[in-house]
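In what follows, a structure is listed as structure tokens, so that the remarks can point back to it.
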Amino acid sequence: MRFPDYYFFPERRLVNHKIVTKYVKDLDRCELFCYMNDNCVSANFKKDPEDEGIAYVCELNNATHLEYDTDLITDAAFYYRGSKNACSRNLLCQNNATCQSGFTIKGYRCSCPSGFEGEHCEKG
């Protein structure tokens, strides 16, 4: 997964797709938490610290502005960082599997629900 510079938007925030909120020391840590979360493909980073300057709000999202451009709103308090999301238009994962961006040479993997297996969760 990559966070290209051209998917960095100051004073923007992706809404309706937050999967977790973390408190971090800087934007780099926010991106690191996104890398570490299998379902994260973008992040919102609050410019001003919380708790008397100790930590910044980092919101991890399971979608990007490319799939939901109307959910990328103006918010002067945040920065938005999007990644290249191999799952944005990926319909290869079957049987209600979760597509996760990154991880393999093809740029995604399918996380199969119980009872299914195979590269695209096609075997039940």
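Each chain in the structure tokens gets a letter, A, B, ..., in the order shown, and its residues are numbered from 1; ligands are numbered from 1 in order too.
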Would you list, as number ranges by chain, the residues of stretch 11-101 of chain A that end up in strand (DSSP E) under DSSP run on this structure's backbone? A: 11-14, 18-24, 42-46, 56-61, 72-82, 98-101
So that each row is one residue of stretch 23-72 of chain A with an atom at most 10 Å from stretch 4-7 of chain A, can you give its shortest atom pair and the distance in Å to one decimal, using only C-alpha atoms, rows by chain and rising number, as JSON lines?
{"residue": "A:Ser42", "atom": "CA", "partner": "A:Tyr7", "partner_atom": "CA", "distance": 9.3}
{"residue": "A:Thr64", "atom": "CA", "partner": "A:Tyr7", "partner_atom": "CA", "distance": 9.3}
{"residue": "A:His65", "atom": "CA", "partner": "A:Tyr7", "partner_atom": "CA", "distance": 8.6}
{"residue": "A:Leu66", "atom": "CA", "partner": "A:Tyr7", "partner_atom": "CA", "distance": 9.5}
List the neighbours of stretch 21-38 of chain A out to 6 Å using only C-alpha atoms; skip same-chain residues closer than 2 positions along the sequence, and give me the result as a PyMOL selection string. chain A and resi 40+55-59
For the residues selected in the previous step, produce a file with all heavy atoms as a CSV table (one decimal), in the first residue's frame.
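out-v2.csv was written with the following content:
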chain,number,residue,atom,x,y,z
A,40,CYS,N,-7.6,-0.8,6.5
A,40,CYS,CA,-7.4,0.6,6.4
A,40,CYS,C,-6.8,0.9,5.0
A,40,CYS,O,-5.9,0.3,4.5
A,40,CYS,CB,-6.5,1.1,7.4
A,40,CYS,SG,-6.2,2.9,7.3
A,55,ALA,N,-1.2,14.4,22.0
A,55,ALA,CA,-1.5,13.5,20.9
A,55,ALA,C,-2.4,14.1,19.9
A,55,ALA,O,-3.2,15.0,20.2
A,55,ALA,CB,-2.1,12.2,21.6
A,56,TYR,N,-2.3,13.6,18.7
A,56,TYR,CA,-3.2,14.0,17.6
A,56,TYR,C,-4.2,12.9,17.3
A,56,TYR,O,-3.9,11.7,17.4
A,56,TYR,CB,-2.3,14.2,16.3
A,56,TYR,CG,-1.4,15.4,16.4
A,56,TYR,CD1,-0.1,15.2,17.0
A,56,TYR,CD2,-1.7,16.6,16.0
A,56,TYR,CE1,0.8,16.2,17.1
A,56,TYR,CE2,-0.8,17.7,16.0
A,56,TYR,CZ,0.4,17.5,16.6
A,56,TYR,OH,1.3,18.5,16.7
A,57,VAL,N,-5.4,13.3,16.8
A,57,VAL,CA,-6.4,12.3,16.5
A,57,VAL,C,-6.1,11.8,15.1
A,57,VAL,O,-5.8,12.5,14.1
A,57,VAL,CB,-7.8,13.0,16.4
A,57,VAL,CG1,-8.8,12.1,15.8
A,57,VAL,CG2,-8.2,13.4,17.8
A,58,CYS,N,-6.1,10.5,14.9
A,58,CYS,CA,-5.9,9.8,13.7
A,58,CYS,C,-7.1,8.8,13.4
A,58,CYS,O,-7.3,7.9,14.2
A,58,CYS,CB,-4.6,8.9,13.8
A,58,CYS,SG,-4.3,7.8,12.4
A,59,GLU,N,-7.8,9.1,12.4
A,59,GLU,CA,-9.0,8.3,12.1
A,59,GLU,C,-8.6,7.4,10.9
A,59,GLU,O,-8.3,7.9,9.8
A,59,GLU,CB,-10.2,9.2,11.7
A,59,GLU,CG,-10.6,10.0,12.8
A,59,GLU,CD,-11.7,11.0,12.4
A,59,GLU,OE1,-11.9,11.3,11.2
A,59,GLU,OE2,-12.4,11.6,13.3
Atom CA of A:Cys110 to atom CA of A:Gly124 measures 14.1 Å
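Distances here use only C-alpha atoms; by that measure, the residue among A:Ala86, A:Ala77, A:Cys93, A:Ala63 closest to A:Lys106 is A:Ala86.
Among the candidate residues A:Asn16, A:Asn44, A:Ser114, A:Ser101, the one lying nearest to A:Phe78 is A:Asn44, with distances computed using only C-alpha atoms.
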Output as a tab-separated table one row per residue of stretch 44-91 of chain A within 9 Å of stretch 8-15 of chain A: the closest atom pair and its distance in Å to one decimal place, counting only C-alpha atoms, sorted by chain and residue number ascending.
residue	atom	partner	partner_atom	distance
A:Asn44	CA	A:Arg13	CA	5.7
A:Phe45	CA	A:Arg13	CA	8.2
A:Lys47	CA	A:Glu11	CA	8.9
A:Asn61	CA	A:Leu14	CA	7.8
A:Ala63	CA	A:Leu14	CA	8.5
A:Thr64	CA	A:Leu14	CA	7.5
A:His65	CA	A:Leu14	CA	6.9
A:Tyr68	CA	A:Leu14	CA	8.4
A:Asp69	CA	A:Leu14	CA	8.5
A:Thr70	CA	A:Leu14	CA	8.8
A:Asp71	CA	A:Val15	CA	5.3
A:Leu72	CA	A:Leu14	CA	4.3
A:Ile73	CA	A:Arg13	CA	5.5
A:Thr74	CA	A:Arg12	CA	4.6
A:Asp75	CA	A:Glu11	CA	5.0
A:Ala76	CA	A:Glu11	CA	4.2
A:Ala77	CA	A:Glu11	CA	6.2
A:Phe78	CA	A:Glu11	CA	5.2
A:Tyr79	CA	A:Pro10	CA	4.5
A:Tyr80	CA	A:Phe9	CA	5.1
A:Arg81	CA	A:Phe8	CA	4.7
A:Gly82	CA	A:Phe8	CA	6.4
Could you write out that same residue set with C-alpha atoms as a compact mmCIF listing (two decimals), in the first residue's frame?
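File written: out-v2.txt
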# COMPACT_ATOMS: atom_id res chain seq x y z
CA ASN A 44 -7.79 11.58 8.57
CA PHE A 45 -5.25 13.41 10.74
CA LYS A 47 -3.89 19.21 12.65
CA ASN A 61 -10.91 4.56 7.08
CA ALA A 63 -12.51 3.50 1.87
CA THR A 64 -10.86 6.29 -0.10
CA HIS A 65 -11.99 9.50 -1.76
CA TYR A 68 -16.76 8.07 -2.24
CA ASP A 69 -15.83 11.54 -3.47
CA THR A 70 -18.95 13.11 -1.94
CA ASP A 71 -17.79 11.88 1.50
CA LEU A 72 -14.56 13.90 1.24
CA ILE A 73 -15.72 17.05 2.98
CA THR A 74 -14.06 20.35 3.80
CA ASP A 75 -12.84 20.37 7.40
CA ALA A 76 -10.18 22.93 8.29
CA ALA A 77 -9.09 20.90 11.34
CA PHE A 78 -7.93 17.83 9.36
CA TYR A 79 -5.57 16.49 6.71
CA TYR A 80 -6.69 13.57 4.55
CA ARG A 81 -4.26 10.89 3.30
CA GLY A 82 -5.50 8.41 0.72
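Secondary structure of chain A, helix (DSSP H, G or I) only (DSSP, backbone atoms): Asp5, Tyr6, Tyr7, Leu27, Asp28, Arg29, Cys30, Glu31, Leu32, Phe33, Cys34, Tyr35, Met36, Asp51, Glu52, Gly53, Asp69, Thr70 and Asp71 of chain A.
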For A:Tyr108, list every protein, DNA or RNA residue within 8 Å, evaluated using only C-alpha atoms, and leave out those in the same chain fewer than 5 positions away; present the list as an MDAnalysis selection string. chainID A and resid 86:87 99:103
